[in-house]
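Dumped work-v3.csv below, it's CSV, C-alpha atoms and all ligand atoms:
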```
chain,number,residue,atom,x,y,z
A,24,MET,CA,0.0,0.0,0.0
A,25,ILE,CA,1.3,3.5,-0.8
A,26,ASN,CA,0.5,5.6,2.3
A,27,PHE,CA,-1.1,8.9,1.9
A,28,ASN,CA,1.2,10.4,4.5
A,29,GLU,CA,4.3,9.4,6.4
A,30,PRO,CA,5.7,11.6,9.1
A,31,PRO,CA,9.0,13.2,8.1
A,32,TYR,CA,12.0,11.5,9.7
A,33,ILE,CA,15.6,12.5,8.9
A,34,GLY,CA,17.5,10.3,11.3
A,35,LYS,CA,19.0,12.7,13.8
A,36,GLU,CA,15.7,13.1,15.7
A,37,THR,CA,16.3,10.2,18.1
A,38,LYS,CA,19.8,11.4,18.8
A,39,TYR,CA,18.6,14.9,19.7
A,40,ILE,CA,15.8,13.6,21.8
A,41,GLU,CA,18.3,11.4,23.7
A,42,GLU,CA,20.5,14.4,24.2
A,43,ALA,CA,17.5,16.3,25.7
A,44,VAL,CA,16.9,13.4,28.0
A,45,ARG,CA,20.5,13.3,29.1
A,46,SER,CA,20.6,17.0,29.7
A,47,LYS,CA,17.9,16.5,32.3
A,48,LYS,CA,15.8,19.3,30.8
A,49,ILE,CA,12.7,17.8,29.1
A,50,SER,CA,10.1,20.5,29.9
A,51,GLY,CA,9.8,23.5,27.5
A,52,ASP,CA,12.0,26.4,26.7
A,53,GLY,CA,15.4,24.5,26.8
A,54,TYR,CA,18.1,24.2,24.2
A,55,TYR,CA,16.1,22.7,21.4
A,56,THR,CA,13.1,25.0,21.8
A,57,LYS,CA,15.5,28.0,21.6
A,58,LYS,CA,17.2,26.5,18.5
A,59,CYS,CA,13.8,26.1,16.8
A,60,SER,CA,12.5,29.5,17.7
A,61,SER,CA,15.6,31.5,16.7
A,62,TRP,CA,15.6,29.6,13.4
A,63,LEU,CA,11.9,30.6,12.9
A,64,GLU,CA,12.6,34.2,13.8
A,65,LYS,CA,15.6,34.4,11.5
A,66,TYR,CA,13.8,32.8,8.6
A,67,THR,CA,10.6,34.7,8.9
A,68,GLY,CA,12.1,38.0,10.1
A,69,THR,CA,9.4,38.3,12.8
A,70,GLU,CA,10.0,39.9,16.2
A,71,LYS,CA,9.1,36.7,18.1
A,72,ALA,CA,8.5,33.1,17.2
A,73,LEU,CA,7.1,31.0,20.0
A,74,LEU,CA,6.9,27.2,19.7
A,75,THR,CA,3.5,25.9,20.8
A,76,THR,CA,1.8,22.6,21.5
A,77,SER,CA,-0.1,22.9,18.2
A,78,CYS,CA,-1.2,25.3,15.5
A,79,THR,CA,-4.6,25.1,17.1
A,80,HIS,CA,-3.1,26.5,20.3
A,81,ALA,CA,-1.1,29.1,18.4
A,82,THR,CA,-4.4,30.4,16.9
A,83,GLU,CA,-6.0,30.4,20.3
A,84,MET,CA,-3.1,32.5,21.5
A,85,ALA,CA,-3.5,34.9,18.6
A,86,ALA,CA,-7.3,35.2,19.4
A,87,ILE,CA,-6.4,36.1,23.0
A,88,LEU,CA,-3.7,38.6,21.9
A,89,ALA,CA,-6.1,40.2,19.5
A,90,ASP,CA,-8.5,40.6,22.4
A,91,ILE,CA,-11.4,38.8,20.6
A,92,GLN,CA,-14.5,39.0,22.7
A,93,SER,CA,-18.1,38.0,22.8
A,94,GLY,CA,-20.0,39.8,20.1
A,95,ASP,CA,-17.0,40.2,17.8
A,96,GLU,CA,-17.0,38.8,14.3
A,97,VAL,CA,-14.2,37.1,12.5
A,98,ILE,CA,-13.9,36.5,8.7
A,99,MET,CA,-12.5,33.3,7.3
A,100,PRO,CA,-13.1,30.7,4.5
A,101,SER,CA,-15.5,27.8,5.2
A,102,TYR,CA,-13.1,25.5,3.4
A,103,THR,CA,-10.6,25.1,6.3
A,104,PHE,CA,-9.8,23.0,9.4
A,105,VAL,CA,-12.0,23.3,12.5
A,106,SER,CA,-9.3,24.9,14.5
A,107,THR,CA,-9.3,28.1,12.4
A,108,ALA,CA,-12.8,28.7,13.6
A,109,ASN,CA,-12.7,27.1,17.1
A,110,ALA,CA,-9.9,29.4,18.3
A,111,PHE,CA,-12.2,32.5,17.9
A,112,ILE,CA,-15.5,30.8,19.0
A,113,LEU,CA,-13.8,29.9,22.3
A,114,ARG,CA,-13.5,33.6,22.9
A,115,GLY,CA,-17.1,34.2,22.2
A,116,ALA,CA,-16.8,35.4,18.6
A,117,ARG,CA,-19.1,34.5,15.7
A,118,VAL,CA,-17.6,33.4,12.4
A,119,LYS,CA,-18.5,34.9,9.0
A,120,PHE,CA,-17.6,32.4,6.3
A,121,VAL,CA,-16.7,33.8,2.9
A,122,ASP,CA,-16.5,31.9,-0.4
A,123,ILE,CA,-13.2,30.7,-1.9
A,124,ARG,CA,-11.6,31.2,-5.3
A,125,PRO,CA,-11.8,28.0,-7.4
A,126,ASP,CA,-8.2,28.3,-8.6
A,127,THR,CA,-6.3,28.3,-5.3
A,128,MET,CA,-9.1,27.2,-2.9
A,129,ASN,CA,-8.2,30.2,-0.8
A,130,ILE,CA,-10.6,32.9,0.5
A,131,ASP,CA,-11.8,35.2,-2.3
A,132,GLU,CA,-10.2,38.5,-1.3
A,133,ASN,CA,-12.8,40.4,-3.4
A,134,LEU,CA,-15.6,39.1,-1.2
A,135,ILE,CA,-14.2,40.0,2.1
A,136,GLU,CA,-15.3,43.6,2.2
A,137,GLY,CA,-18.9,42.6,1.8
A,138,ALA,CA,-18.7,40.6,5.0
A,139,ILE,CA,-17.2,43.3,7.2
A,140,SER,CA,-19.6,44.9,9.7
A,141,GLU,CA,-19.1,47.2,12.7
A,142,HIS,CA,-18.5,44.0,14.8
A,143,THR,CA,-15.7,42.6,12.7
A,144,LYS,CA,-12.4,42.3,14.5
A,145,ALA,CA,-10.2,40.1,12.3
A,146,ILE,CA,-9.6,38.5,9.0
A,147,VAL,CA,-8.1,35.0,9.0
A,148,PRO,CA,-6.7,34.0,5.7
A,149,VAL,CA,-5.8,30.3,5.4
A,150,HIS,CA,-3.0,29.5,2.9
A,151,TYR,CA,-4.4,26.3,1.5
A,152,ALA,CA,-1.8,23.7,0.4
A,153,GLY,CA,0.9,26.2,1.2
A,154,VAL,CA,-0.2,28.6,-1.5
A,155,ALA,CA,-0.6,32.2,-0.5
A,156,CYS,CA,-3.9,34.1,-0.2
A,157,GLU,CA,-3.9,37.5,-2.0
A,158,MET,CA,-2.3,39.2,1.0
A,159,ASP,CA,-2.0,42.8,-0.4
A,160,THR,CA,-5.7,43.1,-0.8
A,161,ILE,CA,-6.4,41.5,2.6
A,162,CYS,CA,-3.9,43.7,4.4
A,163,ASN,CA,-5.2,46.8,2.7
A,164,LEU,CA,-8.7,46.0,3.8
A,165,ALA,CA,-7.5,45.3,7.4
A,166,LYS,CA,-5.8,48.7,7.4
A,167,LYS,CA,-8.9,50.5,6.0
A,168,TYR,CA,-11.2,49.0,8.7
A,169,GLY,CA,-8.8,48.6,11.6
A,170,LEU,CA,-8.8,44.8,11.7
A,171,TYR,CA,-6.3,42.2,12.7
A,172,VAL,CA,-4.9,39.8,10.1
A,173,ILE,CA,-4.2,36.4,11.7
A,174,GLU,CA,-2.7,34.0,9.1
A,175,ASP,CA,-3.5,30.3,9.4
A,176,ALA,CA,-0.2,29.3,7.9
A,177,ALA,CA,-0.4,25.8,9.3
A,178,GLN,CA,0.4,24.3,5.9
A,179,ALA,CA,2.6,27.1,4.7
A,180,VAL,CA,6.0,26.9,6.4
A,181,LYS,CA,8.6,28.0,3.8
A,182,SER,CA,6.1,29.4,1.3
A,183,THR,CA,6.2,33.0,0.2
A,184,TYR,CA,4.1,35.8,-1.1
A,185,LYS,CA,6.0,38.5,-3.0
A,186,GLY,CA,9.1,37.3,-1.4
A,187,LYS,CA,7.7,37.4,2.1
A,188,PRO,CA,7.4,34.2,4.2
A,189,LEU,CA,3.8,33.3,4.8
A,190,GLY,CA,2.9,33.7,8.5
A,191,SER,CA,5.0,36.8,8.7
A,192,ILE,CA,2.8,39.2,6.8
A,193,GLY,CA,-0.2,39.6,9.1
A,194,ASP,CA,-0.2,40.7,12.8
A,195,TYR,CA,0.1,37.0,13.8
A,196,GLY,CA,1.0,33.9,11.9
A,197,CYS,CA,0.2,30.3,13.0
A,198,TYR,CA,2.3,27.3,12.0
A,199,SER,CA,1.7,23.6,12.5
A,200,PHE,CA,4.3,20.9,13.1
A,201,HIS,CA,1.8,18.1,13.2
A,202,GLU,CA,3.0,14.8,11.7
A,203,THR,CA,1.0,15.5,8.5
A,204,LYS,CA,2.9,18.8,7.9
A,205,ASN,CA,6.2,19.4,6.0
A,206,TYR,CA,8.2,19.7,9.2
A,207,SER,CA,7.1,17.9,12.3
A,208,MET,CA,7.4,17.4,16.0
A,209,GLY,CA,4.5,15.0,16.4
A,210,GLU,CA,2.1,17.5,17.7
A,211,GLY,CA,3.2,21.1,17.8
A,212,GLY,CA,3.2,24.5,16.2
A,213,ALA,CA,4.4,28.0,16.4
A,214,LEU,CA,3.0,31.5,16.8
A,215,LEU,CA,4.8,34.3,15.0
A,216,VAL,CA,4.3,37.8,16.5
A,217,LYS,CA,5.1,40.7,14.4
A,218,HIS,CA,5.0,43.6,16.9
A,219,LYS,CA,7.6,44.0,19.6
A,220,LYS,CA,5.1,45.4,22.1
A,221,ILE,CA,3.0,42.2,21.9
A,222,ALA,CA,5.8,39.7,22.2
A,223,GLU,CA,6.1,39.9,25.9
A,224,ARG,CA,2.3,39.3,26.4
A,225,ALA,CA,2.5,36.4,24.0
A,226,GLU,CA,5.1,34.7,26.2
A,227,ILE,CA,3.0,35.3,29.3
A,228,ILE,CA,-0.1,33.7,27.7
A,229,ARG,CA,2.0,30.7,26.7
A,230,GLU,CA,3.3,30.3,30.3
A,231,LYS,CA,-0.1,30.0,32.0
A,232,GLY,CA,-0.5,33.7,32.4
A,233,THR,CA,2.7,34.1,34.4
A,234,ASP,CA,5.9,36.1,33.7
A,235,ARG,CA,8.0,33.0,34.2
A,236,SER,CA,9.9,33.5,31.0
A,237,LYS,CA,11.2,36.9,32.2
A,238,PHE,CA,12.1,35.3,35.5
A,239,PHE,CA,14.2,32.6,33.8
A,240,ARG,CA,16.0,35.2,31.9
A,241,GLY,CA,16.9,36.9,35.2
A,242,GLN,CA,14.9,40.1,34.3
A,243,ILE,CA,12.8,39.8,37.5
A,244,ASP,CA,13.5,38.1,40.8
A,245,LYS,CA,10.2,36.3,41.3
A,246,TYR,CA,7.5,35.3,38.9
A,247,THR,CA,3.8,35.9,39.4
A,248,TRP,CA,0.4,35.6,37.8
A,249,VAL,CA,-0.2,38.6,35.6
A,250,ASP,CA,-2.7,37.7,32.8
A,251,ILE,CA,-5.0,35.0,31.4
A,252,GLY,CA,-3.1,32.2,29.8
A,253,SER,CA,-2.7,28.4,29.4
A,254,SER,CA,-0.2,25.7,29.0
A,255,TYR,CA,0.9,26.2,25.4
A,256,LEU,CA,4.6,25.4,25.7
A,257,PRO,CA,5.8,22.1,24.1
A,258,SER,CA,8.3,19.9,25.8
A,259,GLU,CA,12.0,19.7,24.8
A,260,LEU,CA,11.5,16.2,23.4
A,261,ASN,CA,9.1,17.5,20.7
A,262,ALA,CA,11.4,20.5,20.0
A,263,ALA,CA,14.4,18.1,19.6
A,264,TYR,CA,12.5,16.2,17.0
A,265,LEU,CA,11.6,19.4,15.1
A,266,TRP,CA,15.2,20.7,15.2
A,267,ALA,CA,16.6,17.8,13.3
A,268,GLN,CA,14.2,18.8,10.5
A,269,LEU,CA,14.6,22.6,10.5
A,270,GLU,CA,18.3,22.1,10.3
A,271,VAL,CA,17.9,20.4,6.9
A,272,SER,CA,14.7,22.2,5.8
A,273,ASP,CA,16.0,23.0,2.3
A,274,ASP,CA,16.5,19.3,1.7
A,275,ILE,CA,13.1,18.4,2.9
A,276,CYS,CA,11.6,21.2,0.8
A,277,SER,CA,13.4,20.2,-2.4
A,278,ASN,CA,12.6,16.6,-2.0
A,279,ARG,CA,8.9,17.4,-1.7
A,280,MET,CA,9.2,19.9,-4.6
A,281,LYS,CA,10.7,17.1,-6.8
A,282,SER,CA,7.7,14.9,-6.1
A,283,TRP,CA,5.2,17.8,-6.7
A,284,ASN,CA,6.8,18.7,-10.0
A,285,TYR,CA,6.9,15.0,-11.1
A,286,TYR,CA,3.2,14.7,-10.4
A,287,TYR,CA,2.5,17.9,-12.2
A,288,GLN,CA,4.4,17.0,-15.4
A,289,GLY,CA,3.0,13.5,-15.4
A,290,LEU,CA,-0.6,14.6,-15.0
A,291,LYS,CA,-0.5,17.6,-17.4
A,292,GLU,CA,-1.7,15.7,-20.4
A,293,LEU,CA,-4.8,14.6,-18.5
A,294,GLU,CA,-5.5,18.2,-17.7
A,295,GLU,CA,-4.9,19.3,-21.2
A,296,ARG,CA,-7.4,16.8,-22.3
A,297,LYS,CA,-9.9,18.1,-19.7
A,298,PHE,CA,-10.2,15.0,-17.6
A,299,ILE,CA,-8.9,16.6,-14.5
A,300,GLU,CA,-7.7,20.0,-13.1
A,301,LEU,CA,-4.3,20.6,-11.5
A,302,PRO,CA,-3.3,23.1,-8.7
A,303,VAL,CA,-2.7,26.7,-9.7
A,304,ILE,CA,0.2,28.7,-8.2
A,305,PRO,CA,-0.3,32.5,-8.7
A,306,VAL,CA,2.7,34.4,-10.1
A,307,ASP,CA,3.6,36.2,-6.9
A,308,CYS,CA,3.8,33.0,-4.9
A,309,THR,CA,6.3,30.3,-4.2
A,310,HIS,CA,4.9,27.2,-2.5
A,311,ASN,CA,6.4,24.5,-0.3
A,312,ALA,CA,4.9,21.4,-2.0
A,313,HIS,CA,2.8,20.7,1.0
A,314,MET,CA,0.1,18.9,-0.9
A,315,PHE,CA,-0.6,17.6,-4.4
A,316,TYR,CA,-4.2,17.5,-5.4
A,317,ILE,CA,-6.2,17.0,-8.5
A,318,LYS,CA,-9.8,17.9,-9.2
A,319,THR,CA,-12.2,15.4,-10.7
A,320,ARG,CA,-15.4,16.2,-12.5
A,321,ASP,CA,-17.6,15.9,-9.5
A,322,ILE,CA,-18.1,14.0,-6.2
A,323,GLU,CA,-19.3,10.8,-7.9
A,324,GLU,CA,-16.2,10.6,-10.1
A,325,ARG,CA,-14.0,11.3,-7.1
A,326,LYS,CA,-15.6,8.5,-5.2
A,327,GLU,CA,-15.0,6.1,-8.0
A,328,LEU,CA,-11.4,7.2,-8.4
A,329,ILE,CA,-10.7,6.8,-4.6
A,330,HIS,CA,-12.0,3.3,-4.8
A,331,TYR,CA,-10.1,2.5,-8.0
A,332,LEU,CA,-6.9,3.7,-6.5
A,333,ARG,CA,-7.5,1.9,-3.2
A,334,GLN,CA,-8.0,-1.4,-5.1
A,335,ARG,CA,-4.6,-0.8,-6.6
A,336,LYS,CA,-3.0,-0.1,-3.2
A,337,ILE,CA,-2.9,3.7,-3.4
A,338,ASN,CA,-4.3,5.8,-0.6
A,339,SER,CA,-5.8,9.0,-1.7
A,340,VAL,CA,-8.1,11.2,0.4
A,341,PHE,CA,-10.5,14.1,0.1
A,342,HIS,CA,-10.2,17.1,2.4
A,343,TYR,CA,-12.4,19.5,4.4
A,344,ILE,CA,-16.1,19.3,4.5
A,345,PRO,CA,-17.1,23.0,4.4
A,346,LEU,CA,-17.5,24.2,8.0
A,347,HIS,CA,-20.7,26.1,7.4
A,348,THR,CA,-22.4,22.8,6.6
A,349,SER,CA,-21.4,21.2,9.9
A,350,PRO,CA,-23.5,21.3,13.1
A,351,ALA,CA,-21.1,23.5,14.9
A,352,GLY,CA,-20.5,25.7,11.9
A,353,LYS,CA,-24.2,26.4,11.7
A,354,LYS,CA,-24.4,27.1,15.4
A,355,PHE,CA,-21.4,29.5,15.6
A,356,GLY,CA,-21.3,31.1,12.3
A,357,GLU,CA,-22.9,31.8,8.9
A,358,PHE,CA,-21.9,32.0,5.3
A,359,VAL,CA,-22.0,35.5,3.9
A,360,GLY,CA,-23.1,35.7,0.2
A,361,GLU,CA,-23.4,32.9,-2.2
A,362,ASP,CA,-21.6,29.5,-1.9
A,363,ARG,CA,-20.5,29.4,-5.5
A,364,TYR,CA,-17.3,27.5,-5.1
A,365,THR,CA,-16.8,26.3,-1.5
A,366,THR,CA,-19.0,23.2,-1.7
A,367,LYS,CA,-18.6,22.5,-5.4
A,368,GLU,CA,-14.8,22.7,-5.5
A,369,SER,CA,-14.3,20.9,-2.2
A,370,GLU,CA,-16.3,18.0,-3.5
A,371,ARG,CA,-14.0,17.6,-6.5
A,372,LEU,CA,-10.7,17.8,-4.7
A,373,LEU,CA,-8.6,14.7,-4.2
A,374,ARG,CA,-5.3,14.6,-2.4
A,375,LEU,CA,-2.6,12.2,-3.7
A,376,PRO,CA,0.2,10.6,-1.5
A,377,MET,CA,2.7,13.3,-0.6
A,378,TYR,CA,5.5,13.1,2.0
A,379,TYR,CA,9.2,13.5,2.4
A,380,GLY,CA,10.9,10.5,0.8
A,381,LEU,CA,8.0,9.4,-1.4
A,382,GLU,CA,9.7,7.4,-4.2
A,383,ILE,CA,9.5,8.5,-7.8
A,384,ASP,CA,8.7,5.0,-8.8
A,385,ASN,CA,5.6,5.2,-6.6
A,386,ILE,CA,4.6,8.5,-8.1
A,387,ASP,CA,5.0,7.0,-11.5
A,388,TYR,CA,2.8,4.2,-10.6
A,389,ILE,CA,0.1,6.6,-9.2
A,390,ILE,CA,0.2,8.7,-12.4
A,391,LYS,CA,-0.1,5.6,-14.6
A,392,THR,CA,-3.0,4.3,-12.5
A,393,ILE,CA,-4.9,7.6,-12.8
A,394,GLU,CA,-4.3,7.6,-16.5
A,395,LYS,CA,-5.8,4.1,-16.7
A,396,PHE,CA,-8.8,5.2,-14.8
A,397,TYR,CA,-9.5,7.9,-17.3
A,398,LEU,CA,-8.3,6.4,-20.5
A,399,LEU,CA,-9.1,2.7,-20.4
A,401,LIG,C1,-3.1,21.2,10.3
A,401,LIG,C2,-3.9,22.4,10.3
A,401,LIG,C3,-4.3,23.1,11.5
A,401,LIG,C4,-4.2,22.5,12.8
A,401,LIG,O1,-2.8,22.2,13.2
A,401,LIG,P1,-2.5,21.5,14.6
A,401,LIG,O2,-1.1,21.7,14.7
A,401,LIG,O3,-2.9,20.0,14.4
A,401,LIG,O4,-3.3,22.1,15.6
A,401,LIG,C5,-5.0,24.3,11.4
A,401,LIG,N1,-5.3,24.8,10.2
A,401,LIG,C6,-5.0,24.2,9.0
A,401,LIG,C7,-5.3,24.9,7.7
A,401,LIG,C8,-4.3,23.0,9.1
A,401,LIG,O5,-3.9,22.4,7.9
```
Show me, as structure tokens, the structure contained in the file I just sent.
Amino acid sequence: MINFNEPPYIGKETKYIEEAVRSKKISGDGYYTKKCSSWLEKYTGTEKALLTTSCTHATEMAAILADIQSGDEVIMPSYTFVSTANAFILRGARVKFVDIRPDTMNIDENLIEGAISEHTKAIVPVHYAGVACEMDTICNLAKKYGLYVIEDAAQAVKSTYKGKPLGSIGDYGCYSFHETKNYSMGEGGALLVKHKKIAERAEIIREKGTDRSKFFRGQIDKYTWVDIGSSYLPSELNAAYLWAQLEVSDDICSNRMKSWNYYYQGLKELEERKFIELPVIPVDCTHNAHMFYIKTRDIEERKELIHYLRQRKINSVFHYIPLHTSPAGKKFGEFVGEDRYTTKESERLLRLPMYYGLEIDNIDYIIKTIEKFYLL
């Protein structure tokens, strides 16, 4: 069976974890946590990068930092993971879902303004498949209406928009290092904070609402409870796993890119003959080969293809069921305007196996099998 995903493993992870164990420092904010966060700060050019226990938690922290409260509204696509919405609903906000663009599956930047009301506090662009949303338009709207931009860049580590790393463009950026993402620590993530003034509060929220980080740096002589917060700091063991990957992030990225390009070249003919559609990468964007998907004619054809591939030992999967159609989505939010593409396009999208180390022979076999499905 060709798996849909395999967690990235370079080889040094176990050694680093062992070193963390031997150093007798396995809770958070030790050697490896610092290695990872400075790498992230340097790479993204943001004021502060804080490793977190997940992207979900990074987004929850961003919602606290943006002071989201009951009665506020937050704008996001419906085609996303539940955490994008939950983080804000936990603070009492309502979610306004906006339709996506059929080419990138990202929020349609031209529909956002129509969803802004006097209660709107933030826009949450989700960079689907590591391909950037139209950030200039989104940031201009945010400026015009005084809104926060919180990037769900869970899938977008090492992708760029006009040369800028995704996650570093809005006020806050949220990364995921879950085992299904390009770089992993099992469960984990990071919050990128753009503004210096906010960085200290972010640290406090991550440390259960205490100023413990300052205490450990020797800036104060005792620590105390100063704000709301929770336990969002991951252990050194997880950070050690991640560090082995960030160290060689270029290799991981180029390996994935090679697979992505191989798929693209191999499936182009089927696209030209109008059997399927392939992903679109806008000119201003570089992506990180997080995902390779195709689009079938409709949900029926997708179902048949998934079955056909599974019978031939290939695991392919569909993705998000639009949030506005789910029980919680209906309770906590509403779709603004017409659902022209969210449902229709999500029903056509099929994700093919993609992970670090996926063999070209396997990709070849997957391409040939898809050709057989359409041409035989
Ligand atoms: C993976 C993912 C998340 C959640 O990440 P966790 O680290 O598992 O919390 C959130 N949003 C998107 C778009 C994702 O792909």
Produce a table with one row for each residue of chain A that has an atom at most 9 Å from any atom of ligand LIG 401 (chain A), each row naming the nearest atom pair and its distance in Å at one decimal; use only C-alpha atoms and all ligand atoms; arrange rows by chain and rising residue number; format as JSON lines.
```
{"residue": "A:Thr75", "atom": "CA", "partner": "A:LIG401", "partner_atom": "O2", "distance": 8.7}
{"residue": "A:Thr76", "atom": "CA", "partner": "A:LIG401", "partner_atom": "O2", "distance": 7.4}
{"residue": "A:Ser77", "atom": "CA", "partner": "A:LIG401", "partner_atom": "O2", "distance": 3.8}
{"residue": "A:Cys78", "atom": "CA", "partner": "A:LIG401", "partner_atom": "O2", "distance": 3.7}
{"residue": "A:Thr79", "atom": "CA", "partner": "A:LIG401", "partner_atom": "O4", "distance": 3.6}
{"residue": "A:His80", "atom": "CA", "partner": "A:LIG401", "partner_atom": "O4", "distance": 6.4}
{"residue": "A:Ala81", "atom": "CA", "partner": "A:LIG401", "partner_atom": "O4", "distance": 7.9}
{"residue": "A:Thr82", "atom": "CA", "partner": "A:LIG401", "partner_atom": "C5", "distance": 8.2}
{"residue": "A:Tyr102", "atom": "CA", "partner": "A:LIG401", "partner_atom": "C7", "distance": 8.9}
{"residue": "A:Thr103", "atom": "CA", "partner": "A:LIG401", "partner_atom": "C7", "distance": 5.5}
{"residue": "A:Phe104", "atom": "CA", "partner": "A:LIG401", "partner_atom": "N1", "distance": 4.9}
{"residue": "A:Val105", "atom": "CA", "partner": "A:LIG401", "partner_atom": "C5", "distance": 7.2}
{"residue": "A:Ser106", "atom": "CA", "partner": "A:LIG401", "partner_atom": "C5", "distance": 5.3}
{"residue": "A:Thr107", "atom": "CA", "partner": "A:LIG401", "partner_atom": "N1", "distance": 5.6}
{"residue": "A:Val149", "atom": "CA", "partner": "A:LIG401", "partner_atom": "C7", "distance": 5.9}
{"residue": "A:His150", "atom": "CA", "partner": "A:LIG401", "partner_atom": "C7", "distance": 7.0}
{"residue": "A:Tyr151", "atom": "CA", "partner": "A:LIG401", "partner_atom": "C7", "distance": 6.4}
{"residue": "A:Ala152", "atom": "CA", "partner": "A:LIG401", "partner_atom": "O5", "distance": 7.9}
{"residue": "A:Asp175", "atom": "CA", "partner": "A:LIG401", "partner_atom": "N1", "distance": 5.8}
{"residue": "A:Ala176", "atom": "CA", "partner": "A:LIG401", "partner_atom": "C7", "distance": 6.7}
{"residue": "A:Ala177", "atom": "CA", "partner": "A:LIG401", "partner_atom": "C8", "distance": 4.8}
{"residue": "A:Gln178", "atom": "CA", "partner": "A:LIG401", "partner_atom": "O5", "distance": 5.1}
{"residue": "A:Ala179", "atom": "CA", "partner": "A:LIG401", "partner_atom": "O5", "distance": 8.6}
{"residue": "A:Cys197", "atom": "CA", "partner": "A:LIG401", "partner_atom": "C5", "distance": 8.1}
{"residue": "A:Tyr198", "atom": "CA", "partner": "A:LIG401", "partner_atom": "O2", "distance": 7.1}
{"residue": "A:Ser199", "atom": "CA", "partner": "A:LIG401", "partner_atom": "O2", "distance": 4.0}
{"residue": "A:Phe200", "atom": "CA", "partner": "A:LIG401", "partner_atom": "O2", "distance": 5.7}
{"residue": "A:His201", "atom": "CA", "partner": "A:LIG401", "partner_atom": "O2", "distance": 4.9}
{"residue": "A:Glu202", "atom": "CA", "partner": "A:LIG401", "partner_atom": "O3", "distance": 8.3}
{"residue": "A:Thr203", "atom": "CA", "partner": "A:LIG401", "partner_atom": "C1", "distance": 7.2}
{"residue": "A:Lys204", "atom": "CA", "partner": "A:LIG401", "partner_atom": "C1", "distance": 6.9}
{"residue": "A:Gly209", "atom": "CA", "partner": "A:LIG401", "partner_atom": "O2", "distance": 8.9}
{"residue": "A:Glu210", "atom": "CA", "partner": "A:LIG401", "partner_atom": "O2", "distance": 6.1}
{"residue": "A:Gly211", "atom": "CA", "partner": "A:LIG401", "partner_atom": "O2", "distance": 5.3}
{"residue": "A:Gly212", "atom": "CA", "partner": "A:LIG401", "partner_atom": "O2", "distance": 5.3}
{"residue": "A:Ala213", "atom": "CA", "partner": "A:LIG401", "partner_atom": "O2", "distance": 8.5}
```
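Here CA of Tyr343 (chain A) and CA of Lys318 (chain A) stand 13.9 Å from one another.
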Item to complete: Using all atoms listed in the file, find the one residue out of A:Ile33, A:Ala263, A:Ile389, A:Val359 that sits nearest to Ile123 (chain A).
Response: A:Val359
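Proximity to Met24 (chain A) at 8 Å, evaluated using only C-alpha atoms and with sequence-adjacent residues fewer than 4 positions away removed, yields A:Lys336, A:Ile337, A:Asn338.
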Practice prompt. Please provide the set of residues having any atom within 9 Å of Tyr397 (chain A), restricted to only C-alpha atoms, with same-chain residues fewer than 3 positions apart removed, written as a PyMOL selection string.
Written response: chain A and resi 293+298+392-394
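What separates CA of Ile390 (chain A) from CA of Asp274 (chain A) is a distance of 24.0 Å.
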Fill in: Nearest residue to Glu300 (chain A) from the set A:Ile161, A:Ala85, A:Ile344, A:Leu373 (distances using all atoms listed in the file)
A:Leu373
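Residue nearest Lys220 (chain A) within the list A:Ile135, A:Leu88, A:Ala155, A:Cys59: A:Leu88 [criterion: smallest interatomic distance, all atoms listed in the file].
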